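Novice: As input, take entry25.pdb (PDB, C-alpha atoms):
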```
ATOM      1  CA  MET B   1     107.548 138.619  32.201
ATOM      2  CA  THR B   2     103.793 138.185  32.157
ATOM      3  CA  ILE B   3     101.367 136.868  29.603
ATOM      4  CA  HIS B   4      99.547 140.165  29.216
ATOM      5  CA  ASN B   5     101.345 141.140  26.025
ATOM      6  CA  THR B   6      99.534 140.925  22.715
ATOM      7  CA  GLN B   7     101.640 138.622  20.559
ATOM      8  CA  SER B   8     101.050 140.650  17.386
ATOM      9  CA  SER B   9      98.409 142.719  15.678
ATOM     10  CA  HIS B  10      97.019 139.461  14.310
ATOM     11  CA  THR B  11      96.653 137.770  17.678
ATOM     12  CA  PRO B  12      94.477 139.281  20.399
ATOM     13  CA  SER B  13      95.647 138.175  23.843
ATOM     14  CA  THR B  14      92.153 137.501  25.235
ATOM     15  CA  ILE B  15      88.956 135.734  24.261
ATOM     16  CA  ASP B  16      85.365 136.163  25.411
ATOM     17  CA  LEU B  17      83.953 132.747  26.291
ATOM     18  CA  LYS B  18      80.214 132.160  26.225
ATOM     19  CA  ASP B  19      78.684 131.949  29.717
ATOM     20  CA  LEU B  20      82.114 132.534  31.273
ATOM     21  CA  GLY B  21      83.606 135.877  30.268
ATOM     22  CA  THR B  22      87.029 137.093  29.199
ATOM     23  CA  VAL B  23      90.247 135.133  29.771
ATOM     24  CA  HIS B  24      93.749 135.267  28.365
ATOM     25  CA  ARG B  25      94.145 132.842  25.499
ATOM     26  CA  LEU B  26      97.402 131.392  26.809
ATOM     27  CA  GLY B  27      96.487 129.328  29.863
ATOM     28  CA  PHE B  28      97.876 126.497  31.955
ATOM     29  CA  GLY B  29      97.081 122.793  31.731
ATOM     30  CA  ALA B  30      97.287 120.986  35.062
ATOM     31  CA  MET B  31      97.658 117.378  33.872
ATOM     32  CA  ARG B  32     101.401 117.207  34.540
ATOM     33  CA  ILE B  33     101.356 118.338  38.171
ATOM     34  CA  VAL B  34     100.539 114.774  39.289
ATOM     35  CA  GLY B  35     102.512 111.521  39.164
ATOM     36  CA  ASP B  36     103.817 109.568  36.184
ATOM     37  CA  GLY B  37     101.110 108.205  33.920
ATOM     38  CA  VAL B  38      98.869 111.021  35.212
ATOM     39  CA  TRP B  39      98.499 108.807  38.264
ATOM     40  CA  GLY B  40      99.025 109.388  41.969
ATOM     41  CA  GLU B  41     100.903 112.063  43.841
ATOM     42  CA  PRO B  42     103.631 114.085  42.125
ATOM     43  CA  ALA B  43     107.206 113.388  43.144
ATOM     44  CA  ASP B  44     107.240 116.752  44.937
ATOM     45  CA  ARG B  45     103.860 118.154  45.917
ATOM     46  CA  ARG B  46     105.318 121.443  47.114
ATOM     47  CA  ALA B  47     106.889 121.943  43.700
ATOM     48  CA  ALA B  48     103.545 121.248  42.022
ATOM     49  CA  VAL B  49     101.840 123.816  44.241
ATOM     50  CA  ALA B  50     104.585 126.294  43.373
ATOM     51  CA  VAL B  51     104.007 125.812  39.640
ATOM     52  CA  VAL B  52     100.307 126.623  39.934
ATOM     53  CA  ARG B  53     100.992 129.675  42.082
ATOM     54  CA  ARG B  54     103.656 130.919  39.677
ATOM     55  CA  ALA B  55     101.290 130.544  36.732
ATOM     56  CA  VAL B  56      98.791 132.841  38.412
ATOM     57  CA  GLU B  57     101.543 135.268  39.422
ATOM     58  CA  LEU B  58     102.529 135.521  35.760
ATOM     59  CA  GLY B  59      99.009 136.445  34.711
ATOM     60  CA  VAL B  60      97.415 133.114  33.837
ATOM     61  CA  ASP B  61      93.680 133.411  34.456
ATOM     62  CA  PHE B  62      92.561 130.124  32.858
ATOM     63  CA  ILE B  63      93.642 126.783  34.361
ATOM     64  CA  ASP B  64      92.437 123.518  32.843
ATOM     65  CA  THR B  65      92.267 120.322  34.880
ATOM     66  CA  ALA B  66      90.126 117.186  35.204
ATOM     67  CA  ASP B  67      88.767 114.925  37.922
ATOM     68  CA  SER B  68      90.726 112.081  36.317
ATOM     69  CA  TYR B  69      94.147 113.725  36.679
ATOM     70  CA  GLY B  70      95.545 111.769  39.573
ATOM     71  CA  PRO B  71      92.648 111.021  39.830
ATOM     72  CA  ASN B  72      91.509 113.909  42.060
ATOM     73  CA  ILE B  73      94.997 115.132  42.908
ATOM     74  CA  SER B  74      95.304 117.865  40.273
ATOM     75  CA  GLU B  75      92.107 119.550  41.442
ATOM     76  CA  GLU B  76      93.235 119.274  45.068
ATOM     77  CA  ILE B  77      96.632 120.824  44.314
ATOM     78  CA  ILE B  78      95.013 123.729  42.458
ATOM     79  CA  ALA B  79      92.786 124.443  45.444
ATOM     80  CA  GLU B  80      95.728 124.191  47.810
ATOM     81  CA  ALA B  81      97.760 126.567  45.662
ATOM     82  CA  VAL B  82      95.371 129.374  44.745
ATOM     83  CA  HIS B  83      92.047 129.053  46.590
ATOM     84  CA  PRO B  84      90.202 131.339  47.098
ATOM     85  CA  TYR B  85      90.286 132.157  43.399
ATOM     86  CA  GLY B  86      90.442 135.912  43.413
ATOM     87  CA  GLY B  87      90.063 138.314  40.546
ATOM     88  CA  SER B  88      89.371 136.906  37.115
ATOM     89  CA  LEU B  89      90.899 133.431  37.589
ATOM     90  CA  LYS B  90      88.791 130.700  35.977
ATOM     91  CA  ILE B  91      89.219 126.989  36.701
ATOM     92  CA  ALA B  92      88.011 124.551  34.044
ATOM     93  CA  THR B  93      87.635 120.866  34.850
ATOM     94  CA  LYS B  94      86.406 117.754  33.080
ATOM     95  CA  VAL B  95      84.360 114.644  33.869
ATOM     96  CA  GLY B  96      83.728 111.477  31.888
ATOM     97  CA  PHE B  97      86.769 109.273  32.486
ATOM     98  CA  THR B  98      87.396 106.793  35.251
ATOM     99  CA  ARG B  99      90.923 105.563  35.963
ATOM    100  CA  THR B 100      92.062 101.999  36.477
ATOM    101  CA  GLY B 101      95.804 102.654  36.648
ATOM    102  CA  PRO B 102      98.668 104.717  35.207
ATOM    103  CA  ASP B 103      98.001 105.804  31.600
ATOM    104  CA  LYS B 104      94.671 103.934  31.651
ATOM    105  CA  TRP B 105      91.507 105.858  30.773
ATOM    106  CA  VAL B 106      87.990 104.409  30.601
ATOM    107  CA  PRO B 107      85.098 106.607  29.435
ATOM    108  CA  VAL B 108      82.039 106.512  31.707
ATOM    109  CA  GLY B 109      79.125 108.711  30.686
ATOM    110  CA  ARG B 110      76.274 107.415  32.808
ATOM    111  CA  ALA B 111      74.243 110.307  34.141
ATOM    112  CA  GLU B 112      74.703 109.326  37.775
ATOM    113  CA  TYR B 113      78.476 109.095  37.334
ATOM    114  CA  LEU B 114      78.780 112.480  35.628
ATOM    115  CA  ARG B 115      76.667 114.054  38.345
ATOM    116  CA  GLN B 116      78.648 112.375  41.134
ATOM    117  CA  GLN B 117      81.984 113.487  39.681
ATOM    118  CA  THR B 118      80.729 117.035  39.252
ATOM    119  CA  GLU B 119      79.701 117.155  42.897
ATOM    120  CA  LEU B 120      83.127 115.841  43.905
ATOM    121  CA  SER B 121      84.875 118.450  41.754
ATOM    122  CA  LEU B 122      82.864 121.165  43.466
ATOM    123  CA  ARG B 123      84.123 119.841  46.797
ATOM    124  CA  LYS B 124      87.759 119.421  45.743
ATOM    125  CA  LEU B 125      87.974 122.834  44.113
ATOM    126  CA  LYS B 126      86.071 124.376  47.054
ATOM    127  CA  VAL B 127      83.536 126.286  44.981
ATOM    128  CA  ASP B 128      79.757 126.553  44.812
ATOM    129  CA  ALA B 129      79.756 126.495  41.008
ATOM    130  CA  LEU B 130      82.338 125.250  38.509
ATOM    131  CA  ASP B 131      83.512 127.910  36.058
ATOM    132  CA  LEU B 132      83.710 125.506  33.111
ATOM    133  CA  LEU B 133      82.769 121.825  33.042
ATOM    134  CA  GLN B 134      83.807 119.817  30.002
ATOM    135  CA  LEU B 135      82.743 116.320  29.014
ATOM    136  CA  HIS B 136      86.135 114.604  28.814
ATOM    137  CA  ARG B 137      84.888 112.005  26.347
ATOM    138  CA  ILE B 138      81.505 110.963  24.996
ATOM    139  CA  ASP B 139      80.979 107.424  26.278
ATOM    140  CA  PRO B 140      80.072 105.267  23.240
ATOM    141  CA  LYS B 141      78.191 102.858  25.528
ATOM    142  CA  VAL B 142      75.778 105.549  26.725
ATOM    143  CA  ASP B 143      73.356 107.535  24.607
ATOM    144  CA  ALA B 144      75.026 110.867  23.844
ATOM    145  CA  GLU B 145      71.818 112.764  24.519
ATOM    146  CA  GLU B 146      71.755 111.377  28.062
ATOM    147  CA  GLN B 147      75.258 112.730  28.628
ATOM    148  CA  PHE B 148      74.436 116.126  27.147
ATOM    149  CA  GLY B 149      71.230 116.238  29.140
ATOM    150  CA  VAL B 150      72.887 115.828  32.527
ATOM    151  CA  LEU B 151      75.371 118.598  31.703
ATOM    152  CA  ARG B 152      72.470 120.868  30.790
ATOM    153  CA  ASP B 153      70.723 119.996  34.044
ATOM    154  CA  LEU B 154      73.828 120.733  36.109
ATOM    155  CA  GLN B 155      74.097 124.130  34.483
ATOM    156  CA  GLN B 156      70.421 124.897  35.023
ATOM    157  CA  GLU B 157      70.831 123.931  38.687
ATOM    158  CA  GLY B 158      73.581 126.527  39.056
ATOM    159  CA  LYS B 159      76.360 124.004  39.695
ATOM    160  CA  VAL B 160      78.162 124.941  36.485
ATOM    161  CA  LYS B 161      78.583 128.297  34.751
ATOM    162  CA  ALA B 162      79.773 127.172  31.302
ATOM    163  CA  LEU B 163      79.965 123.871  29.434
ATOM    164  CA  GLY B 164      82.328 122.335  26.907
ATOM    165  CA  LEU B 165      83.324 119.102  25.166
ATOM    166  CA  SER B 166      86.570 117.262  24.500
ATOM    167  CA  GLN B 167      87.765 115.258  21.498
ATOM    168  CA  VAL B 168      84.569 115.496  19.475
ATOM    169  CA  SER B 169      83.503 115.921  15.860
ATOM    170  CA  VAL B 170      81.594 118.789  14.298
ATOM    171  CA  ASP B 171      78.446 116.654  14.256
ATOM    172  CA  GLU B 172      78.826 115.952  17.968
ATOM    173  CA  LEU B 173      79.275 119.657  18.654
ATOM    174  CA  LYS B 174      76.076 120.375  16.761
ATOM    175  CA  ALA B 175      74.224 117.648  18.655
ATOM    176  CA  ALA B 176      75.379 119.001  22.019
ATOM    177  CA  ALA B 177      74.363 122.528  21.039
ATOM    178  CA  LYS B 178      70.726 121.367  21.028
ATOM    179  CA  PHE B 179      71.054 120.876  24.799
ATOM    180  CA  PHE B 180      73.321 123.697  25.937
ATOM    181  CA  THR B 181      75.526 126.544  24.747
ATOM    182  CA  VAL B 182      78.950 125.131  23.936
ATOM    183  CA  SER B 183      81.577 127.444  25.386
ATOM    184  CA  THR B 184      84.717 125.450  24.533
ATOM    185  CA  VAL B 185      85.910 122.406  22.645
ATOM    186  CA  GLN B 186      89.151 120.657  23.547
ATOM    187  CA  ASN B 187      90.684 118.523  20.784
ATOM    188  CA  ARG B 188      94.219 117.406  19.977
ATOM    189  CA  TYR B 189      95.793 119.995  17.688
ATOM    190  CA  ASN B 190      99.380 121.075  17.056
ATOM    191  CA  LEU B 191     101.987 121.512  14.343
ATOM    192  CA  THR B 192     101.899 117.792  13.524
ATOM    193  CA  ASP B 193      98.201 117.002  13.977
ATOM    194  CA  ASN B 194      95.568 118.672  11.825
ATOM    195  CA  SER B 195      92.895 116.004  12.283
ATOM    196  CA  SER B 196      90.603 118.541  13.987
ATOM    197  CA  GLU B 197      90.932 121.282  11.382
ATOM    198  CA  ASP B 198      87.200 121.140  10.640
ATOM    199  CA  VAL B 199      86.373 121.391  14.354
ATOM    200  CA  LEU B 200      88.609 124.461  14.673
ATOM    201  CA  ASP B 201      86.905 126.065  11.676
ATOM    202  CA  TYR B 202      83.488 125.361  13.189
ATOM    203  CA  ALA B 203      84.586 126.755  16.537
ATOM    204  CA  GLU B 204      85.845 129.938  14.905
ATOM    205  CA  GLU B 205      82.635 130.355  12.913
ATOM    206  CA  ASN B 206      80.522 129.911  16.038
ATOM    207  CA  GLY B 207      82.543 131.775  18.639
ATOM    208  CA  ILE B 208      83.602 128.664  20.580
ATOM    209  CA  GLY B 209      86.931 128.617  22.393
ATOM    210  CA  PHE B 210      89.210 125.915  20.947
ATOM    211  CA  ILE B 211      91.590 124.377  23.508
ATOM    212  CA  PRO B 212      94.311 122.368  21.736
ATOM    213  CA  TRP B 213      95.719 119.572  23.834
ATOM    214  CA  ALA B 214      99.306 118.399  23.260
ATOM    215  CA  PRO B 215      99.929 121.921  21.881
ATOM    216  CA  ILE B 216     103.724 121.739  21.842
ATOM    217  CA  SER B 217     104.120 118.427  19.979
ATOM    218  CA  ALA B 218     106.064 119.149  16.800
ATOM    219  CA  GLY B 219     107.845 115.922  15.880
ATOM    220  CA  GLU B 220     110.489 116.243  13.202
ATOM    221  CA  LEU B 221     109.756 119.957  12.753
ATOM    222  CA  ALA B 222     111.469 120.580  16.108
ATOM    223  CA  GLN B 223     114.500 118.448  15.285
ATOM    224  CA  PRO B 224     117.795 120.146  14.346
ATOM    225  CA  GLY B 225     117.347 121.629  10.898
ATOM    226  CA  GLY B 226     113.558 121.332  10.997
ATOM    227  CA  ALA B 227     111.321 124.284  10.163
ATOM    228  CA  LEU B 228     110.394 124.920  13.799
ATOM    229  CA  ASP B 229     113.983 124.633  14.975
ATOM    230  CA  GLU B 230     115.154 127.096  12.324
ATOM    231  CA  ALA B 231     112.375 129.559  13.148
ATOM    232  CA  ALA B 232     113.198 129.363  16.852
ATOM    233  CA  LYS B 233     116.860 130.138  16.171
ATOM    234  CA  ARG B 234     115.956 133.169  14.050
ATOM    235  CA  LEU B 235     113.564 134.487  16.688
ATOM    236  CA  GLY B 236     115.794 133.791  19.678
ATOM    237  CA  ALA B 237     113.068 131.609  21.215
ATOM    238  CA  THR B 238     112.559 127.979  22.162
ATOM    239  CA  THR B 239     110.817 125.571  19.812
ATOM    240  CA  ALA B 240     107.997 125.248  22.359
ATOM    241  CA  GLN B 241     107.505 129.008  22.422
ATOM    242  CA  VAL B 242     107.334 129.209  18.637
ATOM    243  CA  ALA B 243     104.925 126.256  18.454
ATOM    244  CA  LEU B 244     102.631 128.031  20.916
ATOM    245  CA  ALA B 245     103.013 131.355  19.108
ATOM    246  CA  TRP B 246     101.985 129.634  15.872
ATOM    247  CA  LEU B 247      98.831 128.320  17.555
ATOM    248  CA  LEU B 248      97.967 131.768  18.914
ATOM    249  CA  ARG B 249      98.409 133.233  15.442
ATOM    250  CA  ARG B 250      96.453 130.420  13.768
ATOM    251  CA  SER B 251      93.034 131.448  15.120
ATOM    252  CA  PRO B 252      91.598 134.054  17.497
ATOM    253  CA  VAL B 253      89.613 131.306  19.279
ATOM    254  CA  MET B 254      92.706 129.189  19.960
ATOM    255  CA  MET B 255      93.450 128.715  23.686
ATOM    256  CA  PRO B 256      96.684 126.747  24.221
ATOM    257  CA  ILE B 257      97.141 125.304  27.718
ATOM    258  CA  PRO B 258     100.732 124.002  27.856
ATOM    259  CA  GLY B 259     101.278 121.892  30.936
ATOM    260  CA  THR B 260     104.358 121.243  33.016
ATOM    261  CA  GLY B 261     105.452 120.325  36.519
ATOM    262  CA  SER B 262     108.430 122.702  36.373
ATOM    263  CA  VAL B 263     108.450 126.424  37.171
ATOM    264  CA  LYS B 264     111.281 126.922  34.675
ATOM    265  CA  HIS B 265     109.361 125.285  31.845
ATOM    266  CA  LEU B 266     106.214 127.158  32.859
ATOM    267  CA  GLU B 267     108.010 130.480  32.534
ATOM    268  CA  GLU B 268     109.476 129.437  29.178
ATOM    269  CA  ASN B 269     106.077 128.379  27.855
ATOM    270  CA  LEU B 270     104.370 131.581  28.919
ATOM    271  CA  GLY B 271     107.107 133.505  27.146
ATOM    272  CA  ALA B 272     105.340 132.473  23.927
ATOM    273  CA  ALA B 273     102.981 135.412  24.459
ATOM    274  CA  SER B 274     105.864 137.743  23.619
ATOM    275  CA  VAL B 275     107.055 135.881  20.519
ATOM    276  CA  VAL B 276     105.990 137.739  17.383
ATOM    277  CA  LEU B 277     105.706 135.624  14.258
ATOM    278  CA  ASP B 278     106.144 137.614  11.077
ATOM    279  CA  ASP B 279     103.969 136.676   8.122
ATOM    280  CA  ALA B 280     106.759 134.783   6.374
ATOM    281  CA  THR B 281     107.575 132.635   9.406
ATOM    282  CA  PHE B 282     103.926 131.861  10.044
ATOM    283  CA  ALA B 283     103.469 130.848   6.396
ATOM    284  CA  GLU B 284     106.658 128.767   6.472
ATOM    285  CA  LEU B 285     105.552 126.829   9.547
ATOM    286  CA  SER B 286     102.060 126.352   8.139
ATOM    287  CA  ALA B 287     103.475 124.943   4.921
ATOM    288  CA  ALA B 288     105.843 122.636   6.796
ATOM    289  CA  ARG B 289     102.947 121.522   8.978
ATOM    290  CA  HIS B 290     100.869 120.463   5.983
ATOM    291  CA  GLY B 291     103.803 118.417   4.784
ATOM    292  CA  SER B 292     104.139 116.514   8.065
ATOM    293  CA  ALA B 293     100.773 116.671   9.821
ATOM    294  CA  LYS B 294      98.337 113.811   9.898
TER     295      LYS B 294
END
```
Let me see the structure of the file written as structure tokens.
Specialist:
Amino acid sequence: MTIHNTQSSHTPSTIDLKDLGTVHRLGFGAMRIVGDGVWGEPADRRAAVAVVRRAVELGVDFIDTADSYGPNISEEIIAEAVHPYGGSLKIATKVGFTRTGPDKWVPVGRAEYLRQQTELSLRKLKVDALDLLQLHRIDPKVDAEEQFGVLRDLQQEGKVKALGLSQVSVDELKAAAKFFTVSTVQNRYNLTDNSSEDVLDYAEENGIGFIPWAPISAGELAQPGGALDEAAKRLGATTAQVALAWLLRRSPVMMPIPGTGSVKHLEENLGAASVVLDDATFAELSAARHGSAK
């Protein structure tokens, strides 16, 4: 099993990202290869390394991480697992959060901090230029233009190939676009959260890759008897696979990055690329989503 299959005629398997090139739309999120609370070392570092290597073996060519995962540890594990990054493999990372403990996230958008963290990510990932650097959050205590400006400067200096944003509004996307070409936007989006519907529409209209975080969350839809559970039974798939297949069908710019610290779950998640949603099932899940999503 690899992820190279096209899920259906409605869902191309790849996307062309501005300033970055072509990647498969089903990628891997590296938040869960560290310790509990996205903090510290994983319980088994060798197992975490094995997950990253297996993802690449199965055809994943887009891995998403962040300096704050660990902090630092996720980037270090990725480098340990698959550096040098041969072929078409792209590593995306993020800056803009500092960590004060497990499950604690503090936005810091001062220019000197963003620049420092970018330099450290270059060192940890062992590259001369980051494939994709995303602003993890816009710091409300710092002028947004200052934050956008330092990202633009880093790109102009050749330290970054492509730039993106995370958890932003359409207006913030438009504001950032005055400083640099926005390659990706990463907002929470899944079968139970449609709060970024307008951002997805804007991304599709403007050729921006949309990376949905928490892509598998499905709440009551995945419970026994729920719409997702019933669809999964009909299709002979897991609820996670069907949730991911729905995302891939939802928009050609959608780039799910399900994360896990388990090789078994990784292989199950990537199996979503082979799940074909017929029109009726897609419509059924979409209708159920509107009845439960926030």
Novice: Check the smallest atom-to-atom distance from each of B:Leu89, B:Ala227, B:Leu270, B:Leu277 to Gly21 of chain B using all atoms listed in the file, then report the winner.
Specialist: B:Leu89
Novice: State, in Å with one decimal place, the distance from atom CA of Val60 of chain B to atom CA of Gly27 of chain B.
Specialist: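 It comes out at 5.6 Å.
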Novice: Extract, using all atoms listed in the file, all DNA, RNA and protein residues at most 7 Å from segment 178-182 of chain B, discarding same-chain residues fewer than 6 positions from it, and format them as a PDB file with C-alpha atoms, in the frame of the given file.
Specialist:
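Final output, saved to out.pdb:
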```
ATOM      1  CA  PHE B 148      74.436 116.126  27.147  1.00  0.00           C
ATOM      2  CA  GLY B 149      71.230 116.238  29.140  1.00  0.00           C
ATOM      3  CA  ARG B 152      72.470 120.868  30.790  1.00  0.00           C
ATOM      4  CA  LEU B 163      79.965 123.871  29.434  1.00  0.00           C
ATOM      5  CA  GLY B 164      82.328 122.335  26.907  1.00  0.00           C
ATOM      6  CA  ILE B 208      83.602 128.664  20.580  1.00  0.00           C
TER       7      ILE B 208
END
```
Novice: Determine the residue membership of the PyMOL selection byres ((chain B and resi 61) around 7) for the file above and supply it as a ChimeraX atom specification.
Specialist: /B:23-24,27,56,59-60,62-63,88-90
Novice: List the spatial neighbours of Arg188 of chain B as a list in words - criterion: any atom at most 12 Å away, all atoms listed in the file, same-chain residues fewer than 2 positions off excluded.
Specialist: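 Skipping anything fewer than 2 positions along the chain leaves Ser166, Gln167, Val168, Ser169, Val185, Gln186, Asn190, Leu191, Thr192, Asp193, Asn194, Ser195, Ser196, Glu197, Val199, Leu200, Phe210, Ile211, Pro212, Trp213, Ala214, Pro215, Ile216, Ser217, Met254, Met255, Pro256, Ile257 and Lys294 of chain B.
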